[in-house]
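What follows is the content of input.tsv, which has TSV, C-alpha atoms:
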```tsv
chain	number	residue	atom	x	y	z
A	11	MET	CA	183.15	181.59	20.56
A	12	GLN	CA	186.64	181.33	19.06
A	13	LYS	CA	186.54	179.92	15.54
A	14	ILE	CA	189.78	178.04	14.97
A	15	THR	CA	188.85	177.75	11.30
A	16	GLU	CA	189.13	181.55	11.08
A	17	SER	CA	192.57	181.72	12.73
A	18	ALA	CA	195.44	183.22	10.78
A	19	SER	CA	197.36	180.90	8.48
A	20	PRO	CA	200.92	180.15	9.64
A	21	TYR	CA	202.06	180.56	6.03
A	22	ARG	CA	202.96	184.11	5.03
A	23	HIS	CA	203.60	186.10	1.84
A	24	LEU	CA	202.15	183.39	-0.39
A	25	GLU	CA	202.21	185.68	-3.42
A	26	GLN	CA	206.00	185.60	-3.27
A	27	LYS	CA	206.33	181.81	-3.42
A	28	SER	CA	206.80	179.47	-6.36
A	29	SER	CA	204.04	177.13	-7.50
A	30	GLU	CA	206.05	174.17	-6.24
A	31	GLN	CA	206.50	175.65	-2.77
A	32	LEU	CA	202.78	176.48	-2.54
A	33	LEU	CA	201.85	172.92	-3.48
A	34	TYR	CA	204.26	171.36	-0.96
A	35	TRP	CA	202.74	173.49	1.80
A	36	ILE	CA	199.17	172.66	0.78
A	37	ASN	CA	200.07	168.98	0.72
A	38	ASP	CA	201.68	169.26	4.17
A	39	GLU	CA	198.40	170.58	5.54
A	40	ASP	CA	196.23	168.01	3.71
A	41	ARG	CA	198.30	165.11	5.07
A	42	LYS	CA	197.23	165.99	8.61
A	43	VAL	CA	193.54	165.39	7.97
A	44	PRO	CA	193.24	161.55	7.92
A	45	GLU	CA	195.13	161.20	11.20
A	46	LEU	CA	192.86	163.79	12.81
A	47	ILE	CA	189.84	161.71	11.76
A	48	ARG	CA	191.14	158.41	13.12
A	49	PRO	CA	190.38	159.04	16.83
A	50	LEU	CA	186.81	159.91	15.84
A	51	ILE	CA	186.09	156.54	14.21
A	52	PRO	CA	184.25	155.02	17.23
A	53	ARG	CA	181.90	158.01	17.28
A	54	ILE	CA	181.39	157.84	13.49
A	55	ALA	CA	180.71	154.09	13.77
A	56	GLY	CA	178.05	154.71	16.42
A	57	LEU	CA	176.36	157.17	14.08
A	58	VAL	CA	176.44	154.69	11.18
A	59	ASP	CA	174.80	152.04	13.38
A	60	LYS	CA	172.01	154.40	14.46
A	61	ILE	CA	171.33	155.53	10.88
A	62	THR	CA	171.33	151.92	9.67
A	63	ASP	CA	168.66	150.98	12.22
A	64	ARG	CA	166.48	153.91	11.18
A	65	ILE	CA	166.78	153.22	7.46
A	66	LEU	CA	165.89	149.56	8.03
A	67	ALA	CA	162.80	150.84	9.84
A	68	GLY	CA	161.81	152.91	6.79
A	69	GLY	CA	163.76	156.11	7.36
A	70	ARG	CA	166.02	158.24	5.19
A	71	LEU	CA	169.28	160.12	5.62
A	72	PHE	CA	169.44	163.88	5.06
A	73	TYR	CA	172.57	166.01	4.69
A	74	ILE	CA	172.14	169.76	5.11
A	75	GLY	CA	174.70	172.52	4.73
A	76	ALA	CA	175.64	175.80	3.09
A	77	GLY	CA	178.34	176.65	0.58
A	78	THR	CA	181.11	174.07	0.29
A	79	SER	CA	179.62	171.97	3.09
A	80	GLY	CA	176.24	171.83	1.37
A	81	ARG	CA	177.79	170.92	-1.97
A	82	LEU	CA	179.80	168.09	-0.41
A	83	GLY	CA	176.63	166.66	1.11
A	84	ILE	CA	174.85	166.83	-2.26
A	85	VAL	CA	177.76	165.11	-4.01
A	86	ASP	CA	177.78	162.25	-1.50
A	87	ALA	CA	173.99	161.84	-1.63
A	88	SER	CA	173.88	161.92	-5.43
A	89	GLU	CA	176.50	159.17	-5.73
A	90	CYS	CA	174.60	156.64	-3.61
A	91	PRO	CA	171.99	155.58	-6.21
A	92	PRO	CA	174.38	154.85	-9.11
A	93	THR	CA	177.02	153.27	-6.87
A	94	PHE	CA	174.79	151.16	-4.64
A	95	GLY	CA	171.47	150.95	-6.50
A	96	VAL	CA	169.41	152.59	-3.74
A	97	PRO	CA	166.41	154.81	-4.52
A	98	HIS	CA	167.18	158.48	-5.14
A	99	GLY	CA	165.11	159.48	-2.12
A	100	LEU	CA	167.03	157.40	0.42
A	101	VAL	CA	169.94	159.83	0.89
A	102	ILE	CA	169.04	163.47	0.28
A	103	GLY	CA	171.34	166.49	0.19
A	104	LEU	CA	170.04	170.00	0.86
A	105	ILE	CA	171.91	173.30	0.46
A	106	ALA	CA	171.08	176.81	1.61
A	107	GLY	CA	169.75	178.74	-1.37
A	108	GLY	CA	168.38	175.64	-3.14
A	109	ASP	CA	169.73	173.83	-6.18
A	110	GLY	CA	170.90	177.08	-7.76
A	111	ALA	CA	173.46	177.41	-4.98
A	112	ILE	CA	175.20	174.22	-6.10
A	113	ARG	CA	176.89	176.15	-8.91
A	114	LYS	CA	176.66	179.75	-7.78
A	115	ALA	CA	176.71	181.22	-4.28
A	116	VAL	CA	173.37	182.67	-3.10
A	117	GLU	CA	174.08	185.66	-0.90
A	118	PHE	CA	172.92	185.48	2.72
A	119	ALA	CA	170.97	182.24	2.13
A	120	GLU	CA	172.77	180.59	5.02
A	121	ASP	CA	171.77	183.32	7.49
A	122	ASP	CA	168.08	182.36	7.82
A	123	PRO	CA	167.64	180.08	10.87
A	124	GLU	CA	164.16	178.94	9.76
A	125	GLN	CA	164.72	178.12	6.10
A	126	GLY	CA	166.58	174.86	6.71
A	127	TRP	CA	163.63	173.38	8.57
A	128	LYS	CA	161.25	174.63	5.88
A	129	ASP	CA	163.37	172.87	3.25
A	130	LEU	CA	163.30	169.64	5.27
A	131	GLN	CA	159.53	169.83	5.66
A	132	LYS	CA	159.17	169.84	1.86
A	133	HIS	CA	160.44	166.25	2.06
A	134	ASN	CA	158.02	165.33	4.87
A	135	ILE	CA	160.87	164.59	7.25
A	136	ASN	CA	159.75	162.46	10.20
A	137	PHE	CA	160.97	160.64	13.32
A	138	ARG	CA	162.28	157.64	11.34
A	139	ASP	CA	164.72	159.87	9.43
A	140	SER	CA	168.24	161.00	10.34
A	141	ILE	CA	169.89	164.34	9.57
A	142	ILE	CA	173.54	165.32	9.45
A	143	GLY	CA	174.30	169.04	9.53
A	144	ILE	CA	177.60	169.99	7.88
A	145	ALA	CA	179.26	173.32	8.73
A	146	ALA	CA	182.95	174.04	9.17
A	147	SER	CA	182.20	176.92	11.53
A	148	GLY	CA	179.52	175.06	13.46
A	149	THR	CA	177.53	178.28	13.61
A	150	THR	CA	175.68	178.48	10.25
A	151	PRO	CA	172.11	179.60	11.13
A	152	TYR	CA	170.51	177.66	8.24
A	153	VAL	CA	172.00	174.42	9.53
A	154	VAL	CA	171.73	175.06	13.28
A	155	GLY	CA	168.07	176.04	12.95
A	156	ALA	CA	167.26	172.96	10.91
A	157	LEU	CA	168.81	170.59	13.46
A	158	LYS	CA	167.20	172.40	16.37
A	159	HIS	CA	163.73	171.87	14.93
A	160	ALA	CA	164.55	168.30	13.88
A	161	ARG	CA	165.72	167.37	17.37
A	162	GLU	CA	162.56	168.80	18.88
A	163	GLU	CA	160.61	166.46	16.59
A	164	GLY	CA	162.52	163.39	17.80
A	165	ILE	CA	164.62	163.04	14.66
A	166	LEU	CA	168.19	161.75	15.05
A	167	THR	CA	170.55	164.70	14.60
A	168	ALA	CA	174.29	164.66	13.99
A	169	CYS	CA	176.85	167.15	12.75
A	170	ILE	CA	180.23	167.40	11.10
A	171	SER	CA	182.07	170.60	12.06
A	172	ASN	CA	185.61	171.88	12.43
A	173	ASN	CA	185.42	173.93	15.63
A	174	PRO	CA	184.90	172.72	19.20
A	175	ASP	CA	181.79	173.25	21.32
A	176	THR	CA	179.68	174.93	18.66
A	177	PRO	CA	175.98	175.83	18.55
A	178	LEU	CA	175.61	173.08	15.93
A	179	ALA	CA	177.07	170.47	18.28
A	180	ALA	CA	174.67	171.66	20.99
A	181	VAL	CA	171.65	170.65	18.87
A	182	SER	CA	173.18	167.34	17.72
A	183	ASP	CA	172.68	163.94	19.32
A	184	ILE	CA	176.06	162.92	17.90
A	185	SER	CA	178.66	165.57	17.10
A	186	ILE	CA	181.72	164.85	14.97
A	187	GLU	CA	184.10	167.72	15.57
A	188	ILE	CA	187.33	167.43	13.61
A	189	ILE	CA	189.63	170.28	14.58
A	190	THR	CA	191.62	170.83	11.40
A	191	GLY	CA	193.09	174.14	12.58
A	192	PRO	CA	193.91	177.27	10.57
A	193	GLU	CA	193.60	176.96	6.82
A	194	PHE	CA	196.47	177.43	4.36
A	195	ILE	CA	194.68	180.55	3.18
A	196	THR	CA	193.12	182.15	6.23
A	197	GLY	CA	189.45	181.21	6.58
A	198	SER	CA	189.27	179.21	3.32
A	199	THR	CA	187.42	176.23	4.75
A	200	ARG	CA	186.95	174.65	1.33
A	201	MET	CA	190.50	173.37	1.92
A	202	LYS	CA	191.38	171.25	5.00
A	203	ALA	CA	187.96	171.54	6.60
A	204	GLY	CA	186.25	170.60	3.34
A	205	THR	CA	188.64	167.69	2.84
A	206	SER	CA	187.81	166.36	6.30
A	207	GLN	CA	184.09	166.64	5.61
A	208	LYS	CA	184.42	164.80	2.31
A	209	LEU	CA	186.40	161.97	3.92
A	210	ILE	CA	183.90	161.56	6.76
A	211	LEU	CA	180.91	161.61	4.41
A	212	ASN	CA	182.60	158.92	2.30
A	213	MET	CA	183.10	156.84	5.43
A	214	ILE	CA	179.52	157.24	6.63
A	215	SER	CA	177.75	156.51	3.34
A	216	THR	CA	180.04	153.64	2.34
A	217	ALA	CA	179.85	151.89	5.71
A	218	LEU	CA	176.08	152.50	5.74
A	219	MET	CA	175.61	150.87	2.33
A	220	VAL	CA	177.71	147.87	3.37
A	221	ARG	CA	175.59	147.48	6.51
A	222	LEU	CA	172.42	147.71	4.38
A	223	GLY	CA	173.60	144.77	2.26
A	224	ARG	CA	174.45	146.77	-0.85
A	225	VAL	CA	177.97	145.32	-1.06
A	226	GLU	CA	178.95	141.65	-1.30
A	227	ASP	CA	182.56	140.75	-0.57
A	228	ASN	CA	184.05	143.99	-1.91
A	229	LYS	CA	181.79	144.40	-4.92
A	230	MET	CA	179.12	146.99	-5.80
A	231	VAL	CA	176.63	144.30	-6.79
A	232	ASP	CA	173.70	146.72	-7.06
A	233	MET	CA	175.41	149.49	-9.03
A	234	GLN	CA	173.53	151.00	-11.96
A	235	LEU	CA	174.93	149.89	-15.31
A	236	SER	CA	174.61	153.35	-16.78
A	237	ASN	CA	177.66	153.55	-19.05
A	238	ARG	CA	180.17	151.35	-20.91
A	239	LYS	CA	182.75	151.47	-18.12
A	240	LEU	CA	180.25	150.27	-15.52
A	241	LEU	CA	178.92	147.59	-17.86
A	242	GLU	CA	182.44	146.26	-18.37
A	243	ARG	CA	183.03	146.31	-14.62
A	244	GLY	CA	179.80	144.40	-14.10
A	245	ILE	CA	180.80	141.77	-16.65
A	246	ARG	CA	184.14	141.24	-14.86
A	247	MET	CA	182.39	140.95	-11.50
A	248	VAL	CA	179.94	138.33	-12.76
A	249	ALA	CA	182.68	136.41	-14.59
A	250	GLU	CA	184.88	136.33	-11.48
A	251	ALA	CA	182.06	135.34	-9.15
A	252	LEU	CA	180.89	132.49	-11.37
A	253	GLU	CA	184.34	131.56	-12.69
A	254	THR	CA	183.01	131.77	-16.23
A	255	ASP	CA	183.96	133.58	-19.44
A	256	LYS	CA	183.03	137.14	-20.26
A	257	ASP	CA	180.54	136.21	-22.98
A	258	LYS	CA	178.52	134.11	-20.55
A	259	ALA	CA	178.77	136.83	-17.92
A	260	LYS	CA	177.60	139.48	-20.38
A	261	ALA	CA	174.61	137.39	-21.43
A	262	LEU	CA	173.58	136.87	-17.81
A	263	LEU	CA	174.01	140.56	-17.04
A	264	GLU	CA	171.97	141.67	-20.04
A	265	SER	CA	169.25	139.17	-19.20
A	266	HIS	CA	168.93	139.99	-15.49
A	267	GLY	CA	169.89	143.68	-15.35
A	268	SER	CA	172.13	143.72	-12.29
A	269	VAL	CA	175.30	142.09	-11.05
A	270	ARG	CA	173.52	140.62	-8.04
A	271	GLN	CA	170.72	139.05	-10.05
A	272	ALA	CA	173.09	137.82	-12.75
A	273	ILE	CA	175.23	136.03	-10.16
A	274	ILE	CA	172.17	134.52	-8.47
A	275	ALA	CA	170.86	133.28	-11.83
A	276	GLY	CA	174.25	131.87	-12.80
A	277	MET	CA	174.53	129.97	-9.52
A	278	LYS	CA	171.04	128.51	-10.02
A	279	GLU	CA	172.02	127.32	-13.48
A	280	GLU	CA	175.10	125.59	-12.10
A	281	ARG	CA	173.08	123.86	-9.36
A	282	THR	CA	170.53	122.69	-11.94
A	283	LYS	CA	173.28	121.13	-14.06
A	284	LYS	CA	174.57	119.18	-11.08
```
Translate this file's structure into structure tokens.
Amino acid sequence: MQKITESASPYRHLEQKSSEQLLYWINDEDRKVPELIRPLIPRIAGLVDKITDRILAGGRLFYIGAGTSGRLGIVDASECPPTFGVPHGLVIGLIAGGDGAIRKAVEFAEDDPEQGWKDLQKHNINFRDSIIGIAASGTTPYVVGALKHAREEGILTACISNNPDTPLAAVSDISIEIITGPEFITGSTRMKAGTSQKLILNMISTALMVRLGRVEDNKMVDMQLSNRKLLERGIRMVAEALETDKDKAKALLESHGSVRQAIIAGMKEERTKK
């Protein structure tokens, strides 16, 4: 199978170029990515709908990958609880080599075709769950093996990859193949390929949380108020929703613990007054 992601970069003799020239070229390549994603939106939307149905039925969403792809999945999963107030076990990111591989590469961890499924079994994965395998090459044994076993168990499988017609796509119910082409530095898929994966993961998780009712209007009404910045944001959101002053909004927020509940309580107070 030809791996387009491993094709030679069209840019040559990079060591002879100025910093400015290097950055212009990198930016030229990065600008291509969003337009390559756009034709895939109907397929991504179909995946979001299927995952939504499964989560509403009690399922979870798993991301699984190796290297950069695994780290991107973990980042997206870890941001769901503070941003949308969902339980930490609703969206789960797994990486070849375990948590230690988040910071430091674990040699050959991605080459075991059975370990991915073993890692999923530790979380008691079942038919209500969904799994998205992430691999630029589309050939990573850790990821392919995990999805193969998952599909055999009736679990919804999907993938994000950057080559066409890959072994990973073959074991996926829904394949999202974004062909980003040769990298600026030959084979360095942390660049364009990684950017495309990050954008698509943002799209999936954000649309999913909206569909699950975790956003009202355009507000993160269930976000965790875990620092001063988020507390101030919450106060503004409550004040705007209730058309009240910040002191009143702060009091409601401190009393009820979340933007959603503070707004509900404030609306009840106003109805009582009338």
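Closest approach to Ile47 of chain A among A:Val248, A:Ile61, A:Ile189, A:Ala217 is made by A:Ile189 (distances from only C-alpha atoms).
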**OP:** Might you pull out every residue within 6 Å of segment 263-270 of chain A, with all atoms listed in the file counted and same-chain residues fewer than 3 positions away left off, and present them as number ranges by chain?
**Re:** A: 231, 244, 260, 273
**OP:** Quick one: pull the distance between atom CA of Gly75 of chain A and atom CA of Glu193 of chain A, Å, one decimal.
**Re:**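 That distance, rounded to one decimal, is 19.5 Å.
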Kindly provide, as lines of an AutoDock Vina configuration file, the centre and edge lengths (Å, one decimal) of an axis-aligned box around all atoms of segment 40-51 of chain A given in the file, with 5 Å on each side.
```
center_x = 192.2
center_y = 162.3
center_z = 10.3
size_x = 22.2
size_y = 21.5
size_z = 23.1
```
Original post:
From the list A:Asn172, A:Asp59, A:Met247, A:Ala111, which residue is nearest Ile84 of chain A when using only C-alpha atoms?
Top reply: A:Ala111
**OP:** Could you check how far atom CA of Met213 of chain A sits from atom CA of Ile54 of chain A, in Å to one decimal?
**Re:**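 Spanning atom CA of Met213 of chain A to atom CA of Ile54 of chain A is a straight-line distance of 8.3 Å.
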**OP:** For segment 203-208 of chain A, please output as a PyMOL selection string all residues within 9 Å (counting only C-alpha atoms; exclusion window: fewer than 5 positions along the same chain).
**Re:** chain A and resi 15+40+43-44+46-47+78-79+82-83+86+144-146+170-172+188-191+193+198+213
Sort by chain and increasing residue number a table of all residues of segment 22-84 of chain A within 7 Å of segment 100-109 of chain A, each with its closest pair of atoms and their distance in Å to one decimal, counting only C-alpha atoms, and write it as a tab-separated table.
```
residue	atom	partner	partner_atom	distance
A:Arg70	CA	A:Leu100	CA	4.9
A:Leu71	CA	A:Val101	CA	4.8
A:Phe72	CA	A:Ile102	CA	4.8
A:Tyr73	CA	A:Gly103	CA	4.7
A:Ile74	CA	A:Leu104	CA	4.7
A:Gly75	CA	A:Ile105	CA	5.2
A:Ala76	CA	A:Ala106	CA	4.9
A:Gly80	CA	A:Ile105	CA	4.7
A:Arg81	CA	A:Ile105	CA	6.8
A:Gly83	CA	A:Gly103	CA	5.4
A:Ile84	CA	A:Gly103	CA	4.3
```
Original post:
What lies within 12 Å of Glu279 of chain A using only C-alpha atoms, ignoring chain neighbours under 6 positions off, as JSON, numbers by chain?
Top reply: {"A": [252, 258, 262, 272, 273]}
**OP:** Could you check how far atom CA of Phe137 of chain A sits from atom CA of Arg64 of chain A, in Å to one decimal?
**Re:** 9.0 Å
**OP:** Quick one: everything within 9 Å of Lys158 of chain A, counting all atoms listed in the file, minus sequence neighbours fewer than 4 positions away in the same chain. Send it as a VMD selection string.
**Re:** chain A and resid 127 153 to 154 162 to 163 167 178 180 to 182
**OP:** Choose the residue, out of A:Ala251, A:Ile14, A:Met277, A:Leu57, that has the smallest atom-to-atom separation from Asp175 of chain A; count only C-alpha atoms.
**Re:** A:Ile14
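Residues in contact with Thr62 of chain A at up to 8 Å, not including ones fewer than 5 positions away on its chain and judged by only C-alpha atoms, are A:Leu218, A:Arg221, A:Leu222.
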Subject >> Residue among A:Gly276, A:Leu66, A:Tyr21, A:Cys90 lying closest to Ala249 of chain A, counting all atoms listed in the file >> reply: A:Gly276
Subject >> Top pick for closest residue to Arg138 of chain A, considering A:Asp63, A:Asp122, A:Asp255, A:Glu89 and counting all atoms listed in the file >> reply: A:Asp63
